[in-house]
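Structure below is model07.tsv: TSV, C-alpha atoms.
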chain	number	residue	atom	x	y	z
A	1	MET	CA	66.87	96.87	43.03
A	2	ARG	CA	63.21	97.68	43.00
A	3	ILE	CA	63.97	101.05	44.58
A	4	SER	CA	65.52	102.01	41.26
A	5	ILE	CA	62.11	101.47	39.71
A	6	LEU	CA	60.45	103.47	42.44
A	7	ALA	CA	62.65	106.50	41.72
A	8	LEU	CA	60.59	106.80	38.55
A	9	ALA	CA	57.15	106.81	40.23
A	10	SER	CA	56.30	110.27	38.90
A	11	VAL	CA	55.78	108.84	35.41
A	12	LEU	CA	52.76	106.90	36.68
A	13	ALA	CA	50.99	109.72	38.48
A	14	ALA	CA	48.37	110.03	35.74
A	15	GLN	CA	47.62	106.30	35.87
A	16	SER	CA	47.26	105.81	39.62
A	17	SER	CA	44.78	103.00	40.32
A	18	LEU	CA	42.93	104.79	43.12
A	19	LEU	CA	40.17	102.98	44.93
A	20	GLN	CA	37.19	104.14	42.93
A	21	ALA	CA	34.64	101.66	44.25
A	22	GLU	CA	35.15	102.45	47.94
A	23	GLU	CA	35.75	105.49	50.08
A	24	LEU	CA	39.19	105.60	51.65
A	25	PRO	CA	39.19	105.45	55.47
A	26	ALA	CA	40.09	108.68	57.27
A	27	ALA	CA	43.41	107.25	58.54
A	28	ILE	CA	44.46	106.38	55.00
A	29	LYS	CA	43.24	109.74	53.70
A	30	ALA	CA	45.43	111.42	56.31
A	31	LEU	CA	48.50	109.73	54.82
A	32	GLU	CA	47.30	110.63	51.35
A	33	ALA	CA	47.21	114.26	52.48
A	34	LYS	CA	50.85	113.90	53.59
A	35	GLY	CA	51.90	112.85	50.09
A	36	ALA	CA	51.16	109.14	49.83
A	37	THR	CA	49.55	107.92	46.61
A	38	ILE	CA	47.24	104.94	47.11
A	39	LYS	CA	47.50	102.44	44.25
A	40	GLY	CA	45.05	99.82	45.48
A	41	SER	CA	43.89	97.71	48.40
A	42	PHE	CA	44.38	94.05	49.30
A	43	ASP	CA	43.30	91.57	51.94
A	44	ALA	CA	45.55	91.08	54.96
A	45	PRO	CA	45.36	88.71	57.95
A	46	GLY	CA	44.74	89.53	61.61
A	47	GLY	CA	41.88	91.92	60.97
A	48	LEU	CA	44.09	94.25	58.97
A	49	LYS	CA	43.24	95.89	55.64
A	50	GLY	CA	46.15	96.36	53.27
A	51	TYR	CA	46.82	99.28	50.95
A	52	ALA	CA	49.61	99.57	48.37
A	53	ALA	CA	51.03	103.08	48.31
A	54	GLN	CA	53.86	105.25	47.02
A	55	TYR	CA	55.44	107.80	49.29
A	56	GLN	CA	58.49	109.97	48.62
A	57	LYS	CA	59.26	107.92	45.51
A	58	GLN	CA	59.13	104.63	47.37
A	59	ALA	CA	56.54	101.86	47.43
A	60	MET	CA	55.17	100.80	50.78
A	61	ALA	CA	52.47	98.62	52.26
A	62	LEU	CA	50.01	100.24	54.65
A	63	TYR	CA	47.91	98.20	57.07
A	64	LEU	CA	44.73	99.66	58.55
A	65	THR	CA	43.84	98.25	61.99
A	66	ALA	CA	40.41	96.76	62.66
A	67	ASP	CA	39.20	99.90	64.43
A	68	GLY	CA	39.91	101.90	61.27
A	69	LYS	CA	41.78	104.55	63.24
A	70	HIS	CA	45.40	103.43	63.01
A	71	VAL	CA	47.80	102.56	60.20
A	72	LEU	CA	50.94	100.44	60.28
A	73	ALA	CA	53.50	100.98	57.53
A	74	GLY	CA	56.00	98.33	56.42
A	75	ASN	CA	56.26	94.68	55.46
A	76	LEU	CA	54.08	92.02	57.08
A	77	PHE	CA	55.55	88.55	57.69
A	78	ASP	CA	53.82	85.28	58.60
A	79	GLU	CA	54.97	82.58	61.03
A	80	LYS	CA	57.22	81.09	58.33
A	81	GLY	CA	58.98	84.40	57.75
A	82	GLU	CA	57.36	84.89	54.36
A	83	ASP	CA	56.76	88.47	53.25
A	84	LEU	CA	53.02	88.93	52.76
A	85	SER	CA	53.48	92.44	51.36
A	86	GLU	CA	55.59	91.42	48.37
A	87	ALA	CA	52.86	89.97	46.12
A	88	PRO	CA	50.38	92.87	46.53
A	89	LEU	CA	53.10	95.47	45.94
A	90	GLN	CA	54.26	93.52	42.91
A	91	LYS	CA	50.78	93.47	41.40
A	92	LEU	CA	49.63	96.97	42.33
A	93	VAL	CA	52.88	98.95	42.10
A	94	TYR	CA	55.78	97.23	40.37
A	95	GLU	CA	53.98	95.68	37.40
A	96	PRO	CA	52.20	98.91	36.35
A	97	MET	CA	55.45	100.84	36.76
A	98	THR	CA	57.40	98.38	34.66
A	99	LYS	CA	54.84	98.48	31.86
A	100	GLU	CA	54.53	102.28	31.81
A	101	MET	CA	58.25	103.00	32.01
A	102	TRP	CA	59.13	100.37	29.41
A	103	ASN	CA	56.55	101.86	27.04
A	104	GLN	CA	58.00	105.33	27.59
A	105	MET	CA	61.51	104.18	26.73
A	106	GLU	CA	60.23	102.23	23.75
A	107	SER	CA	58.55	105.40	22.46
A	108	SER	CA	61.68	107.52	22.88
A	109	THR	CA	64.31	108.13	20.17
A	110	TRP	CA	66.95	105.41	20.34
A	111	ILE	CA	69.59	103.79	18.17
A	112	ALA	CA	69.53	100.01	17.96
A	113	ASP	CA	72.65	97.95	18.53
A	114	GLY	CA	72.04	94.30	17.73
A	115	ALA	CA	69.44	92.14	16.05
A	116	SER	CA	65.79	93.17	16.17
A	117	THR	CA	65.00	89.50	16.81
A	118	ALA	CA	67.08	89.38	19.99
A	119	PRO	CA	65.03	87.86	22.85
A	120	LYS	CA	66.38	90.40	25.35
A	121	VAL	CA	66.23	94.19	25.01
A	122	ILE	CA	68.22	96.60	27.18
A	123	TYR	CA	67.74	100.37	27.18
A	124	LEU	CA	70.43	102.82	28.19
A	125	PHE	CA	70.61	106.59	28.31
A	126	SER	CA	73.83	107.22	26.44
A	127	ASP	CA	76.11	110.23	25.84
A	128	ALA	CA	78.51	110.21	22.88
A	129	ASN	CA	81.27	111.53	25.16
A	130	CYS	CA	80.66	109.00	27.94
A	131	PRO	CA	83.61	106.62	28.51
A	132	TYR	CA	81.48	104.32	30.68
A	133	CYS	CA	78.88	104.06	27.91
A	134	ASN	CA	81.69	102.92	25.66
A	135	MET	CA	82.86	100.46	28.32
A	136	PHE	CA	79.38	98.96	28.53
A	137	TRP	CA	79.22	98.78	24.74
A	138	GLU	CA	82.43	96.71	24.81
A	139	GLN	CA	81.18	94.52	27.66
A	140	ALA	CA	77.98	93.71	25.76
A	141	ARG	CA	79.68	92.54	22.54
A	142	PRO	CA	79.47	88.77	23.14
A	143	TRP	CA	75.71	88.92	23.74
A	144	VAL	CA	75.01	91.41	20.96
A	145	LYS	CA	77.08	89.50	18.41
A	146	SER	CA	75.41	86.21	19.32
A	147	GLY	CA	72.01	87.77	18.65
A	148	LYS	CA	70.80	87.30	22.21
A	149	VAL	CA	70.67	90.96	23.26
A	150	GLN	CA	69.76	94.20	21.54
A	151	LEU	CA	70.93	97.44	23.15
A	152	ARG	CA	68.83	100.53	22.54
A	153	HIS	CA	70.80	103.74	23.06
A	154	ILE	CA	68.56	106.63	24.12
A	155	MET	CA	70.86	109.46	23.06
A	156	VAL	CA	71.24	112.48	25.35
A	157	GLY	CA	73.75	115.28	25.80
A	158	VAL	CA	74.83	115.74	29.42
A	159	ILE	CA	78.62	115.43	29.73
A	160	ARG	CA	80.20	118.13	27.55
A	161	GLU	CA	79.12	121.17	25.60
A	162	ASP	CA	79.26	119.27	22.32
A	163	SER	CA	77.52	116.13	23.62
A	164	ALA	CA	74.10	117.10	22.26
A	165	ALA	CA	75.57	118.06	18.88
A	166	LYS	CA	77.40	114.71	18.68
A	167	ALA	CA	74.21	112.87	19.59
A	168	ALA	CA	72.48	114.85	16.86
A	169	ALA	CA	75.19	113.82	14.38
A	170	LEU	CA	74.46	110.16	15.13
A	171	LEU	CA	70.69	110.59	14.87
A	172	ALA	CA	70.96	112.59	11.65
A	173	ASP	CA	73.24	110.06	9.97
A	174	ALA	CA	71.82	108.09	7.04
A	175	ASN	CA	72.64	104.93	8.98
A	176	PRO	CA	72.56	105.73	12.73
A	177	GLU	CA	73.24	102.12	13.71
A	178	LEU	CA	76.43	101.96	11.68
A	179	ALA	CA	77.49	105.44	12.79
A	180	LEU	CA	77.09	104.45	16.42
A	181	GLN	CA	78.99	101.23	15.87
A	182	LYS	CA	81.93	103.06	14.29
A	183	HIS	CA	81.95	105.65	17.05
A	184	GLU	CA	81.89	103.12	19.90
A	185	GLN	CA	84.34	100.78	18.20
A	186	ALA	CA	86.86	103.60	17.82
A	187	GLY	CA	86.60	104.59	21.48
A	188	LYS	CA	88.95	107.48	22.30
A	189	SER	CA	90.02	107.55	18.63
A	190	SER	CA	86.50	108.31	17.40
A	191	THR	CA	86.29	110.94	14.67
A	192	LEU	CA	82.61	111.71	15.28
A	193	LYS	CA	82.06	115.40	14.54
A	194	ALA	CA	79.49	117.48	16.38
A	195	LEU	CA	76.90	119.14	14.15
A	196	GLN	CA	77.41	122.87	13.78
A	197	SER	CA	73.65	123.37	13.67
A	198	ILE	CA	71.12	120.85	14.99
A	199	PRO	CA	68.02	120.46	12.78
A	200	LYS	CA	64.76	121.27	14.54
A	201	ASP	CA	63.37	117.74	14.21
A	202	ILE	CA	66.53	116.23	15.71
A	203	GLN	CA	66.55	118.81	18.50
A	204	ALA	CA	62.95	117.91	19.32
A	205	LYS	CA	63.95	114.24	19.63
A	206	LEU	CA	66.88	115.10	21.89
A	207	ASP	CA	64.65	117.33	24.00
A	208	GLY	CA	62.20	114.45	24.37
A	209	ASN	CA	64.97	112.11	25.48
A	210	MET	CA	66.27	114.64	27.97
A	211	LYS	CA	62.80	115.20	29.42
A	212	LEU	CA	62.33	111.47	29.83
A	213	MET	CA	65.69	111.21	31.56
A	214	GLU	CA	64.81	114.05	33.92
A	215	ASP	CA	61.34	112.64	34.60
A	216	MET	CA	63.00	109.41	35.64
A	217	GLY	CA	65.20	111.27	38.08
A	218	LEU	CA	68.42	110.41	36.26
A	219	SER	CA	71.48	112.61	35.97
A	220	ALA	CA	74.31	110.41	34.67
A	221	THR	CA	75.13	108.02	31.85
A	222	PRO	CA	74.95	105.19	31.24
A	223	SER	CA	71.67	104.61	33.05
A	224	ILE	CA	70.76	101.08	32.04
A	225	PHE	CA	67.35	99.42	32.28
A	226	TYR	CA	66.48	95.77	31.77
A	227	LYS	CA	63.90	93.21	32.82
A	228	ASP	CA	64.95	90.45	35.17
A	229	GLU	CA	63.87	86.81	34.97
A	230	ASN	CA	60.57	87.72	36.66
A	231	GLY	CA	59.81	90.55	34.25
A	232	ASN	CA	60.57	93.26	36.82
A	233	LEU	CA	62.32	96.40	35.64
A	234	GLN	CA	65.84	96.79	37.04
A	235	GLN	CA	68.29	99.67	36.80
A	236	GLN	CA	72.07	99.70	36.62
A	237	GLN	CA	73.97	102.96	36.95
A	238	GLY	CA	77.32	102.95	35.16
A	239	ALA	CA	79.22	100.08	33.56
A	240	PRO	CA	78.31	96.91	35.50
A	241	SER	CA	80.64	94.54	37.30
A	242	PRO	CA	81.16	91.10	35.69
A	243	GLN	CA	78.67	89.54	38.11
A	244	VAL	CA	75.97	92.12	37.44
A	245	LEU	CA	76.69	91.95	33.70
A	246	ALA	CA	76.10	88.20	33.62
A	247	LYS	CA	72.86	88.60	35.58
A	248	MET	CA	71.72	91.41	33.31
A	249	MET	CA	72.55	89.74	30.01
A	250	GLY	CA	71.82	86.10	30.72
A	251	PRO	CA	73.70	83.18	29.09
A	252	LYS	CA	76.07	84.04	26.24
Show me this structure written as structure tokens.
Amino acid sequence: MRISILALASVLAAQSSLLQAEELPAAIKALEAKGATIKGSFDAPGGLKGYAAQYQKQAMALYLTADGKHVLAGNLFDEKGEDLSEAPLQKLVYEPMTKEMWNQMESSTWIADGASTAPKVIYLFSDANCPYCNMFWEQARPWVKSGKVQLRHIMVGVIREDSAAKAAALLADANPELALQKHEQAGKSSTLKALQSIPKDIQAKLDGNMKLMEDMGLSATPSIFYKDENGNLQQQQGAPSPQVLAKMMGPK
């Protein structure tokens, strides 16, 4: 769902592609004053002028009428039923969001699960006490073992009091990848011990992960992010169904 991407619009506020070469019409400015963020403009048929915008964490197409005094909001379809708003929103809203958010996750502190040469990368916000994170770990085994997918666990502490200290234990381990594998493989029988005292550098990494999670408007684990066949960022909350899993992972 692209709406999942839009829930993270706040991360792009500093990079909004406002119309610098032209003055926004008063009708568009009025919507801007109500909270809309204009990302760019595009040509539209029927004497309309299109604008790509974000409003209340959603992307929307705005169409200025020829008199410049009225604005229509929503999708515009042609006589064949084709959505003329999709391509402009893709270019002006979705693509920049995908790039920015992917870069933010890539720059976070994560533990790799799978080959670095895997053609597909999936990020997930993961809690060491999360049973659904463990379920997803199990679901992903065929793709991870075949070298087709690498999971990147962005460790956070949200479920129990000792979640952050357990995440810290994984990050502080001499071999975090192996430590995570042993922990997930053991499931409910895991012997992972929470650190009694979290080192400052590890705490800073956990704080960074938590801030990123909050900035993205997330509150539960696993929150899973992947790119679909068109390169668009998609989100899955919780362990996916078999159908969603196959779509997310691709061929085994």
Exercise. Which residues, written as a list in words, have at least one atom at most 8 Å from Gly47 in chain A, with only C-alpha atoms counted and residues fewer than 2 positions away on the same chain left out?
Worked result: Ala44, Pro45, Lys49, Thr65 and Ala66 of chain A
For this session: Using all atoms listed in the file, find the one residue out of A:Lys252, A:Lys166, A:His70, A:Lys99 that sits nearest to Ser146 in chain A.
Result: A:Lys252
Exercise. Of the residues A:Tyr94, A:Ser108, A:Glu32, A:His153, which is the one nearest to Val121 in chain A, using all atoms listed in the file?
Worked result: A:His153
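The spacing separating CA of Leu84 in chain A from CA of Val244 in chain A amounts to 27.8 Å.
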For this session: Give as a PyMOL selection string the set of residues within 10 Å of the point (74.4, 89.4, 15.2), where distances use the file's coordinates and all atoms listed in the file.
Result: chain A and resi 113-118+141-150
Atoms kept (C-alpha atoms) for selection, written as a short mmCIF file (atom, residue, chain, number, x, y, z; two decimals), keeping the file's coordinate frame:
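Written out: selection.cif:
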data_model
loop_
_atom_site.label_atom_id
_atom_site.label_comp_id
_atom_site.auth_asym_id
_atom_site.auth_seq_id
_atom_site.Cartn_x
_atom_site.Cartn_y
_atom_site.Cartn_z
CA ASP A 113 72.65 97.95 18.53
CA GLY A 114 72.04 94.30 17.73
CA ALA A 115 69.44 92.14 16.05
CA SER A 116 65.79 93.17 16.17
CA THR A 117 65.00 89.50 16.81
CA ALA A 118 67.08 89.38 19.99
CA ARG A 141 79.68 92.54 22.54
CA PRO A 142 79.47 88.77 23.14
CA TRP A 143 75.71 88.92 23.74
CA VAL A 144 75.01 91.41 20.96
CA LYS A 145 77.08 89.50 18.41
CA SER A 146 75.41 86.21 19.32
CA GLY A 147 72.01 87.77 18.65
CA LYS A 148 70.80 87.30 22.21
CA VAL A 149 70.67 90.96 23.26
CA GLN A 150 69.76 94.20 21.54
#
For this session: Using only C-alpha atoms, find all polymer residues with an atom at most 12 Å away from the point (39.9, 108.5, 58.6); report them as a list in words.
Result: Glu23, Leu24, Pro25, Ala26, Ala27, Ile28, Lys29, Ala30, Leu31, Glu32, Ala33, Leu64, Thr65, Asp67, Gly68, Lys69, His70 and Val71 of chain A
Return as JSON lines the residues of range 29-110 of chain A lying at most 9 Å from range 201-223 of chain A, together with the closest atom-to-atom pair for each and the distance in Å to one decimal, counting only C-alpha atoms, with rows in chain order and ascending residue number.
{"residue": "A:Met101", "atom": "CA", "partner": "A:Met216", "partner_atom": "CA", "distance": 8.8}
{"residue": "A:Gln104", "atom": "CA", "partner": "A:Leu212", "partner_atom": "CA", "distance": 7.8}
{"residue": "A:Met105", "atom": "CA", "partner": "A:Leu212", "partner_atom": "CA", "distance": 8.0}
{"residue": "A:Ser108", "atom": "CA", "partner": "A:Asn209", "partner_atom": "CA", "distance": 6.2}
{"residue": "A:Thr109", "atom": "CA", "partner": "A:Lys205", "partner_atom": "CA", "distance": 6.1}
{"residue": "A:Trp110", "atom": "CA", "partner": "A:Asn209", "partner_atom": "CA", "distance": 8.7}
Just to be explicit: take each residue in the selection above, keep C-alpha atoms, and write the result as an mmCIF file, in the coordinates of the input.
data_model
loop_
_atom_site.group_PDB
_atom_site.id
_atom_site.type_symbol
_atom_site.label_atom_id
_atom_site.label_comp_id
_atom_site.auth_asym_id
_atom_site.auth_seq_id
_atom_site.Cartn_x
_atom_site.Cartn_y
_atom_site.Cartn_z
ATOM 1 C CA MET A 101 58.250 103.000 32.010
ATOM 2 C CA GLN A 104 58.000 105.330 27.590
ATOM 3 C CA MET A 105 61.510 104.180 26.730
ATOM 4 C CA SER A 108 61.680 107.520 22.880
ATOM 5 C CA THR A 109 64.310 108.130 20.170
ATOM 6 C CA TRP A 110 66.950 105.410 20.340
#
Problem set entry | One-decimal distance in Å that lies between CA of Gly157 in chain A and CA of Leu178 in chain A | 19.6 Å
Kindly compute an axis-aligned box around the listed atoms of range 62-76 of chain A, allowing 3 Å on each side, and express its centre and edge lengths in Å to one decimal as JSON.
{"center_x": 47.7, "center_y": 98.3, "center_z": 59.5, "size_x": 23.1, "size_y": 18.5, "size_z": 15.8}
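Distances here use all atoms listed in the file; by that measure, the residue among A:Leu76, A:Gln139, A:Asn232, A:Asn134 closest to Glu100 in chain A is A:Asn232.
The interatomic distance for the pair CA of Gly81 in chain A and CA of Lys247 in chain A works out to 26.5 Å.
Between Tyr55 in chain A and the residues A:Lys200, A:Lys120, A:Lys34, A:Asn75, the shortest atom-to-atom distance, using all atoms listed in the file, involves A:Lys34.
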For this session: Find, counting only C-alpha atoms, the residue in A:Ala140, A:Ala87, A:Leu72, A:Val93 that gets nearest to Ala53 in chain A.
Result: A:Val93
For this session: Have a look at A:Asp127, A:Asp228, A:Glu184, A:Glu177 and name the one nearest to Val156 in chain A; count all atoms listed in the file.
Result: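 That would be A:Asp127, the residue with the smallest distance to Val156 in chain A.
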For this session: Show which residues sit within 9 Å of Gly50 in chain A, as a PyMOL selection string. Count all atoms listed in the file, and ignore same-chain residues fewer than 6 positions away.
Result: chain A and resi 40-44+61-64+85+88
